[in-house]
Amino acid sequence: MADAGRHPNIELLTLSEVQRVDGYVGNFKVTVLKKARYVDEKECTACADCLEVCPVVKPDEFNLGLSTRKAIYQEFPQAVPAAFVLNMEDCLGNEPIACGKCLEACEKRCIDYDDQDKEIELEVGTIIVATGMEVYDPTELDEFGYTQYENVITSLEFERLINSGGPTEGHLIRLTDRKQPKTVAFIQCVGSRCEKRGNPYCSNICCMNTIKDTLLIKDHWPEVQCKVFYMDIRAFGKGFEDLYKRSMAAGVQYIRGIPGDIYEDPKTKNLILTAEDTTTSELKKHEVDMVILSIGVVPPGDMDNTQQQLTLQRSADGFFLEAHPKLKPVDAATQGIFFAGCAEGPKDIKDSVTQAGAAAARANRLMRSGEVTVEAITSMVDPELCTSCGICARVCPYNAIYVDTKKKTPAVVVEAACAGCGTCSAECPFGAITMRHFTDEQIMAQIEAILAENAQDKIVAFACNWCSYPGADLAGTSRLQYPPNARLIRTMCSGRVDERFILKAFKLGAPIVLVSGCHFTDCHYINAVTWTQKRIEKLWDKLESLGIRPERLQLDWVSAAEGQKWARVMREVEQLREAVTAKEIEHTKRVITEDMLKKRTKKVKAKAEAVA
Amino acid sequence: MANKSSPEEIRIGVFVCQCGLNIAGTVECEDVAKFAEELPNVVYSDFQKYTCSEPGQQTIKDAIAEHNLNRVVVASCTPKMHEPTFRAAVQEAGLNPYLMEMANLREHCSWVHINEPKKATQKAMDLVAMAAARAKLLEPQMETKVPVIQKTMVIGGGVAGIQAALDLADAGYHIYLVEKQPSIGGIMAQIDKTYPTMDCSI
């Protein structure tokens, strides 16, 4: 920590949050909000004179409320930067200065009540996401009595209790009588590995953390009895099994079975646990002085913001999804962004450090050469077909198209800003915009190839490059079986799927068309997917007015982590396909052909009138 | 666009990968390759055991030279896996990398229709036909090189963020380490000792 604080190449931005990220690999533009500290970070020497005079007492968040802090404080003694921070919400002395005691006490005069939040603009080539984790709150598991019984604490609260810098200076006490407990019970998998409550995944660190905690207790106070209630002990890492054996040799009792409930003896405040030892099938009561819930790891609450700012994807457990689970384990699907630590999934310190090294190496690899190759999948405007209507500029998520609708100059694409979603091309009513590498002709050719023979057996499916296509890949790598009737067309974004593609498929006899893309929060192109939805909704109305069942056009959001969902969607669309009759298909072909003809005649007429 | 002004004969080569038994266990790759021979503009079609292997890639390069191919369809796994591999292979043989198209016979076909080999083979044929139809219309694309700013932003100052920041800072890059709390350290700083070596967290 201290190394990071004094490194000449590291600029620490504490009390800071990312507000906005624009740009692309190699050239990200970031807006960071640095909140006011009200204490001069460089001048403050952490002498604590201010702290002594501050009259405000608040629960100390760092010690999880097990001790108190003042309104002006340092998070913990080794904090980096060491400077104090003034919490203005707690402070009495803002305006008018009602208190001002700290200001008086500060010899160096480094407190400034008028300090302001600042927006800072950064330009960076790469981004490492190390947003970490939070711990599971076990209050909802009422059988364990957390918050109901004071002597039931979490494993993180235990860490603060036995830390020499913590509220008890490292003395293990229980909260009701401040006495050292004689018997301590640990309960494993609290909030982990449960389908119904908490989370279904293994939190990875809790087994070893408990083993370590039992050894800390046994090293300091060998007379304290420790019982660990567990489902499985997962001691899979280097040196882990040794530690587990040491814990058992030190006399820690491991009981395979999670207590069904915990009751407090109202007099002694002891806790009575009932648990079945599943190795002997014996149901037994255990009386202990203190219970430590070995709580799991959960994604941080503000992960949605980071996800949207960086257009990242998340796996089913809620953590960020890597570009490939084996081959690109620290890369995000967005080029130039990498993951380190628990942001990508629960990890211990060693794994976090290892992954951080890998992320740094990947970022280094990208920056080292000084330049990066960018795919040229951008849009092009044909000025002769463009009528300067401005629709393309309105739908572009990147403001990459400029049209002067008053002067009627044709649209211009700023290629460096175009990310290649293709929404403009799909929305252009005049066919004036071509998407490089995903042209209308190329996609139409794929549709024609699908429906050339036995069209009635086929489902024409569109899948976006970032979510639904890899979601279908995941169904494959997971060997999830589904009916073989769908034929997939990949586009960069579902926003590329032009109404004309869908109508063409129906005209050629497709019984079902599926459009699939990212969930709104995952959209790789900011909000392009909202245009997909609007377009499909409009098309449903149109189909209905033509006497075609709207269900034949399906819209589904499938993320890269939803292999299961992809297989389910495939089964559902197949069921829908089976219900489409040959007569229905013939009717659809006819009405769409007629409708297209009508439109064409109208266009020709309009053109003739315009010329006249 | 260049093609429109100077029309060239489109000559497509199709390479069907068996991927060991990953694809060939379900899909009749030989039949798919034979089917592809009849597709418009396809002048070469064959199957390989592993198209991504060195000899597999050599087959592509040799066929491009021998049959004067100007479009390539590789029917193998997901492009998420080997698109860079095959783009590089066709580039080495002198073609623009964007003139290569993939059909996903593994993740989207053989692995998900294991019990329906006939229908899977039919689907594989369709996927190849789609890829060839698209390949016919592919145009060369120019990739652009853009300069990379020699700075990194690390979001989060826990143990992972600190380590990544230090590694890159030592390598000479300027790092912005963004932390929402008043101090860096994260959850790690709250922990007393750490396993398996029982030393302090800070």
# chains A, B, ... in the order shown; residues from 1 in each chain; ligands from 1
>>> residues_around(residues="segment 56-67 of chain B", least_positions_apart="4", cutoff="10 Å", atoms="only C-alpha atoms", output="compact mmCIF listing (two decimals) with C-alpha atoms, in the first residue's frame")
# COMPACT_ATOMS: atom_id res chain seq x y z
CA ARG B 11 -13.20 -18.16 -56.43
CA ILE B 12 -14.15 -19.59 -53.06
CA GLY B 13 -12.30 -22.32 -51.18
CA VAL B 14 -14.16 -24.22 -48.45
CA PHE B 15 -12.28 -25.93 -45.62
CA CYS B 17 -12.74 -29.02 -40.07
CA VAL B 43 -13.84 -23.97 -56.82
CA TYR B 44 -12.21 -25.96 -54.04
CA SER B 45 -13.63 -27.85 -51.07
CA ASP B 46 -12.12 -30.38 -48.71
CA PHE B 47 -12.10 -31.45 -45.08
CA GLN B 48 -9.23 -31.63 -42.59
CA LYS B 49 -8.76 -33.28 -39.22
CA TYR B 50 -7.69 -30.03 -37.54
CA THR B 51 -7.83 -26.99 -39.84
CA CYS B 52 -6.33 -24.77 -37.13
CA ARG B 71 -12.39 -15.97 -50.84
CA VAL B 72 -12.06 -18.55 -48.05
CA VAL B 73 -14.71 -20.26 -45.94
CA VAL B 74 -13.52 -22.14 -42.87
CA THR B 85 -5.87 -17.62 -36.66
CA PHE B 86 -7.51 -18.02 -40.04
CA ALA B 88 -3.64 -14.48 -40.30
CA ALA B 89 -3.38 -17.61 -42.46
CA VAL B 90 -5.14 -16.08 -45.46
CA GLN B 91 -3.16 -12.88 -45.00
CA GLU B 92 0.07 -14.85 -45.16
CA ALA B 93 -1.16 -16.26 -48.45
CA GLY B 94 -1.66 -12.75 -49.77
CA LEU B 95 -5.40 -12.26 -49.24
>>> residues_around(residues="Thr152 of chain B", least_positions_apart="4", cutoff="12 Å", atoms="only C-alpha atoms", output="number ranges by chain")
A: 9-11, 25-30, 122-129, 336-338, 359-360, 362-364, 366-367; B: 148, 161, 164-169, 171-178
>>> write_last_selection(atoms="C-alpha atoms", output="PDB file, in the first residue's frame")
ATOM      1  CA  ASN A   9       4.233   6.973 -11.614  1.00  0.00           C
ATOM      2  CA  ILE A  10       1.080   6.412  -9.569  1.00  0.00           C
ATOM      3  CA  GLU A  11      -1.398   9.212  -9.118  1.00  0.00           C
ATOM      4  CA  VAL A  25      -9.026   0.980 -26.958  1.00  0.00           C
ATOM      5  CA  GLY A  26      -5.871   3.050 -26.658  1.00  0.00           C
ATOM      6  CA  ASN A  27      -7.833   6.281 -26.414  1.00  0.00           C
ATOM      7  CA  PHE A  28     -10.315   6.287 -23.554  1.00  0.00           C
ATOM      8  CA  LYS A  29     -11.590   9.591 -22.202  1.00  0.00           C
ATOM      9  CA  VAL A  30     -12.654   9.320 -18.585  1.00  0.00           C
ATOM     10  CA  LEU A 122      -8.325  11.701 -17.843  1.00  0.00           C
ATOM     11  CA  GLU A 123      -7.047  10.238 -21.080  1.00  0.00           C
ATOM     12  CA  VAL A 124      -5.831   6.666 -20.834  1.00  0.00           C
ATOM     13  CA  GLY A 125      -4.921   3.843 -23.182  1.00  0.00           C
ATOM     14  CA  THR A 126      -6.069   0.956 -21.024  1.00  0.00           C
ATOM     15  CA  ILE A 127      -8.358   0.404 -18.051  1.00  0.00           C
ATOM     16  CA  ILE A 128      -8.027  -2.183 -15.294  1.00  0.00           C
ATOM     17  CA  VAL A 129     -11.224  -2.979 -13.444  1.00  0.00           C
ATOM     18  CA  GLY A 336      -8.317  -2.456 -23.755  1.00  0.00           C
ATOM     19  CA  ILE A 337     -10.162  -3.320 -20.541  1.00  0.00           C
ATOM     20  CA  PHE A 338      -8.883  -5.952 -18.110  1.00  0.00           C
ATOM     21  CA  ALA A 359      -3.938  -7.909 -16.145  1.00  0.00           C
ATOM     22  CA  ALA A 360      -0.907  -5.595 -15.918  1.00  0.00           C
ATOM     23  CA  ARG A 362      -1.946  -7.767 -20.820  1.00  0.00           C
ATOM     24  CA  ALA A 363      -2.258  -3.978 -20.567  1.00  0.00           C
ATOM     25  CA  ASN A 364       1.502  -3.628 -21.004  1.00  0.00           C
ATOM     26  CA  LEU A 366      -1.210  -3.539 -25.633  1.00  0.00           C
ATOM     27  CA  MET A 367       0.506  -0.254 -24.764  1.00  0.00           C
TER      28      MET A 367
ATOM     29  CA  VAL B 148      -2.186   4.161 -27.722  1.00  0.00           C
ATOM     30  CA  GLY B 161      -5.812  -2.715  -8.008  1.00  0.00           C
ATOM     31  CA  ALA B 164      -1.783  -4.021 -11.080  1.00  0.00           C
ATOM     32  CA  ALA B 165      -0.953  -0.329 -10.574  1.00  0.00           C
ATOM     33  CA  LEU B 166       2.475  -1.119  -9.122  1.00  0.00           C
ATOM     34  CA  ASP B 167       3.375  -3.568 -11.897  1.00  0.00           C
ATOM     35  CA  LEU B 168       2.490  -1.090 -14.635  1.00  0.00           C
ATOM     36  CA  ALA B 169       4.030   1.866 -12.800  1.00  0.00           C
ATOM     37  CA  ALA B 171       7.129  -0.763 -16.197  1.00  0.00           C
ATOM     38  CA  GLY B 172       7.117   3.006 -16.716  1.00  0.00           C
ATOM     39  CA  TYR B 173       3.469   3.816 -17.383  1.00  0.00           C
ATOM     40  CA  HIS B 174       1.594   6.619 -15.681  1.00  0.00           C
ATOM     41  CA  ILE B 175      -1.210   5.211 -13.546  1.00  0.00           C
ATOM     42  CA  TYR B 176      -4.360   6.808 -12.186  1.00  0.00           C
ATOM     43  CA  LEU B 177      -5.493   4.704  -9.250  1.00  0.00           C
ATOM     44  CA  VAL B 178      -9.135   5.588  -8.619  1.00  0.00           C
TER      45      VAL B 178
END
>>> select_by_dssp(residues="segment 2-140 of chain B", states="strand (DSSP E)", output="JSON, numbers by chain")
{"B": [12, 13, 14, 15, 16, 17, 42, 43, 44, 45, 46, 47, 48, 71, 72, 73, 74, 75, 76, 100, 101, 102, 103, 104]}
>>> atom_distance(atom1="atom CA of Ile391 of chain A", atom2="atom CA of Arg436 of chain A")
19.3 Å
>>> atom_distance(atom1="atom CA of Glu441 of chain A", atom2="atom CA of Asp457 of chain A")
23.6 Å
>>> atom_distance(atom1="atom CA of Pro299 of chain A", atom2="atom CA of Gln533 of chain A")
28.8 Å
>>> residues_around(residues="segment 190-206 of chain A", least_positions_apart="4", cutoff="9 Å", atoms="only C-alpha atoms", output="JSON, numbers by chain")
{"A": [136, 137, 138, 140, 141, 155, 210, 211, 234, 293, 294, 295, 296, 297, 298, 317, 345, 346, 347, 348]}
>>> write_last_selection(atoms="N, CA and C atoms", output="PDB file, in the first residue's frame")
ATOM      1  N   TYR A 136     -21.376 -10.785   2.089  1.00  0.00           N
ATOM      2  CA  TYR A 136     -22.801 -11.122   2.169  1.00  0.00           C
ATOM      3  C   TYR A 136     -23.349 -10.688   3.525  1.00  0.00           C
ATOM      4  N   ASP A 137     -24.543 -10.090   3.497  1.00  0.00           N
ATOM      5  CA  ASP A 137     -25.202  -9.699   4.754  1.00  0.00           C
ATOM      6  C   ASP A 137     -26.124 -10.840   5.190  1.00  0.00           C
ATOM      7  N   PRO A 138     -25.785 -11.527   6.307  1.00  0.00           N
ATOM      8  CA  PRO A 138     -26.548 -12.734   6.660  1.00  0.00           C
ATOM      9  C   PRO A 138     -27.827 -12.465   7.455  1.00  0.00           C
ATOM     10  N   GLU A 140     -30.805 -11.875   6.559  1.00  0.00           N
ATOM     11  CA  GLU A 140     -32.009 -12.559   6.040  1.00  0.00           C
ATOM     12  C   GLU A 140     -32.091 -14.029   6.476  1.00  0.00           C
ATOM     13  N   LEU A 141     -30.953 -14.631   6.864  1.00  0.00           N
ATOM     14  CA  LEU A 141     -30.975 -16.035   7.303  1.00  0.00           C
ATOM     15  C   LEU A 141     -31.339 -16.060   8.787  1.00  0.00           C
ATOM     16  N   SER A 155     -17.618 -13.234   9.951  1.00  0.00           N
ATOM     17  CA  SER A 155     -16.175 -13.485   9.892  1.00  0.00           C
ATOM     18  C   SER A 155     -15.388 -12.190   9.700  1.00  0.00           C
ATOM     19  N   THR A 210     -11.634 -19.497   7.531  1.00  0.00           N
ATOM     20  CA  THR A 210     -12.010 -20.047   8.830  1.00  0.00           C
ATOM     21  C   THR A 210     -10.861 -20.873   9.418  1.00  0.00           C
ATOM     22  N   ILE A 211     -10.240 -21.679   8.572  1.00  0.00           N
ATOM     23  CA  ILE A 211      -9.106 -22.481   9.050  1.00  0.00           C
ATOM     24  C   ILE A 211      -8.035 -21.561   9.635  1.00  0.00           C
ATOM     25  N   ARG A 234     -13.014 -27.057   1.462  1.00  0.00           N
ATOM     26  CA  ARG A 234     -12.354 -26.967   0.157  1.00  0.00           C
ATOM     27  C   ARG A 234     -10.968 -26.339   0.343  1.00  0.00           C
ATOM     28  N   LEU A 293     -20.169 -16.392  11.764  1.00  0.00           N
ATOM     29  CA  LEU A 293     -20.742 -16.810  10.481  1.00  0.00           C
ATOM     30  C   LEU A 293     -19.724 -16.547   9.377  1.00  0.00           C
ATOM     31  N   SER A 294     -19.319 -17.614   8.725  1.00  0.00           N
ATOM     32  CA  SER A 294     -18.327 -17.495   7.659  1.00  0.00           C
ATOM     33  C   SER A 294     -19.046 -17.042   6.388  1.00  0.00           C
ATOM     34  N   ILE A 295     -19.122 -15.723   6.227  1.00  0.00           N
ATOM     35  CA  ILE A 295     -19.982 -15.158   5.180  1.00  0.00           C
ATOM     36  C   ILE A 295     -19.299 -15.154   3.808  1.00  0.00           C
ATOM     37  N   GLY A 296     -20.133 -15.242   2.794  1.00  0.00           N
ATOM     38  CA  GLY A 296     -19.638 -15.332   1.418  1.00  0.00           C
ATOM     39  C   GLY A 296     -19.333 -13.975   0.813  1.00  0.00           C
ATOM     40  N   VAL A 297     -18.949 -14.029  -0.445  1.00  0.00           N
ATOM     41  CA  VAL A 297     -18.527 -12.856  -1.193  1.00  0.00           C
ATOM     42  C   VAL A 297     -19.609 -12.520  -2.219  1.00  0.00           C
ATOM     43  N   VAL A 298     -19.959 -11.237  -2.328  1.00  0.00           N
ATOM     44  CA  VAL A 298     -20.969 -10.833  -3.315  1.00  0.00           C
ATOM     45  C   VAL A 298     -20.437  -9.676  -4.168  1.00  0.00           C
ATOM     46  N   ASP A 317     -23.338 -15.304 -11.776  1.00  0.00           N
ATOM     47  CA  ASP A 317     -23.106 -15.002 -10.361  1.00  0.00           C
ATOM     48  C   ASP A 317     -23.062 -13.501 -10.078  1.00  0.00           C
ATOM     49  N   GLY A 345     -14.754 -12.407  -9.971  1.00  0.00           N
ATOM     50  CA  GLY A 345     -15.265 -13.571  -9.238  1.00  0.00           C
ATOM     51  C   GLY A 345     -14.555 -13.658  -7.896  1.00  0.00           C
ATOM     52  N   PRO A 346     -15.142 -14.352  -6.919  1.00  0.00           N
ATOM     53  CA  PRO A 346     -14.515 -14.437  -5.590  1.00  0.00           C
ATOM     54  C   PRO A 346     -13.103 -15.026  -5.668  1.00  0.00           C
ATOM     55  N   LYS A 347     -12.181 -14.383  -4.970  1.00  0.00           N
ATOM     56  CA  LYS A 347     -10.765 -14.786  -5.035  1.00  0.00           C
ATOM     57  C   LYS A 347     -10.082 -14.466  -3.732  1.00  0.00           C
ATOM     58  N   ASP A 348      -9.057 -15.225  -3.383  1.00  0.00           N
ATOM     59  CA  ASP A 348      -8.268 -14.866  -2.211  1.00  0.00           C
ATOM     60  C   ASP A 348      -7.153 -13.910  -2.628  1.00  0.00           C
TER      61      ASP A 348
END
>>> select_by_dssp(residues="chain B", states="helix (DSSP H, G or I)", output="PyMOL selection string")
chain B and resi 2-5+29-37+54-66+79-92+97-99+106-110+117-137+159-170+187-190
>>> residues_around(residues="Asp192 of chain B", least_positions_apart="6", cutoff="12 Å", atoms="only C-alpha atoms", output="JSON, numbers by chain")
{"A": [63, 155, 156, 157, 158, 159, 160, 161, 162, 163, 164, 165, 166, 169, 170, 209, 212, 213, 216], "B": [198, 199, 200, 201, 202]}
>>> residues_around(residues="segment 110-114 of chain A", least_positions_apart="4", cutoff="7 Å", atoms="only C-alpha atoms", output="PyMOL selection string")
chain A and resi 38-40+43-44+94+103+106
>>> residues_around(residues="Lys182 of chain A", least_positions_apart="2", cutoff="12 Å", atoms="only C-alpha atoms", output="list in words")
Leu172, Ile173, Arg174, Lys179, Gln180, Val184, Ala185, Ile217, Lys218, Trp221, Pro222, Glu223, Val224, Gln225, Cys226, Lys227, Asn270, Glu287, Val288, Asp289, Met290 and Val291 of chain A
>>> closest_residue(among="A:Glu89, A:Glu17, A:Glu104, A:Glu75", to="Val53 of chain A", atoms="only C-alpha atoms")
A:Glu104
>>> closest_residue(among="A:Arg479, A:Lys350, A:His519, A:Arg6", to="chain B", atoms="only C-alpha atoms")
A:Arg479
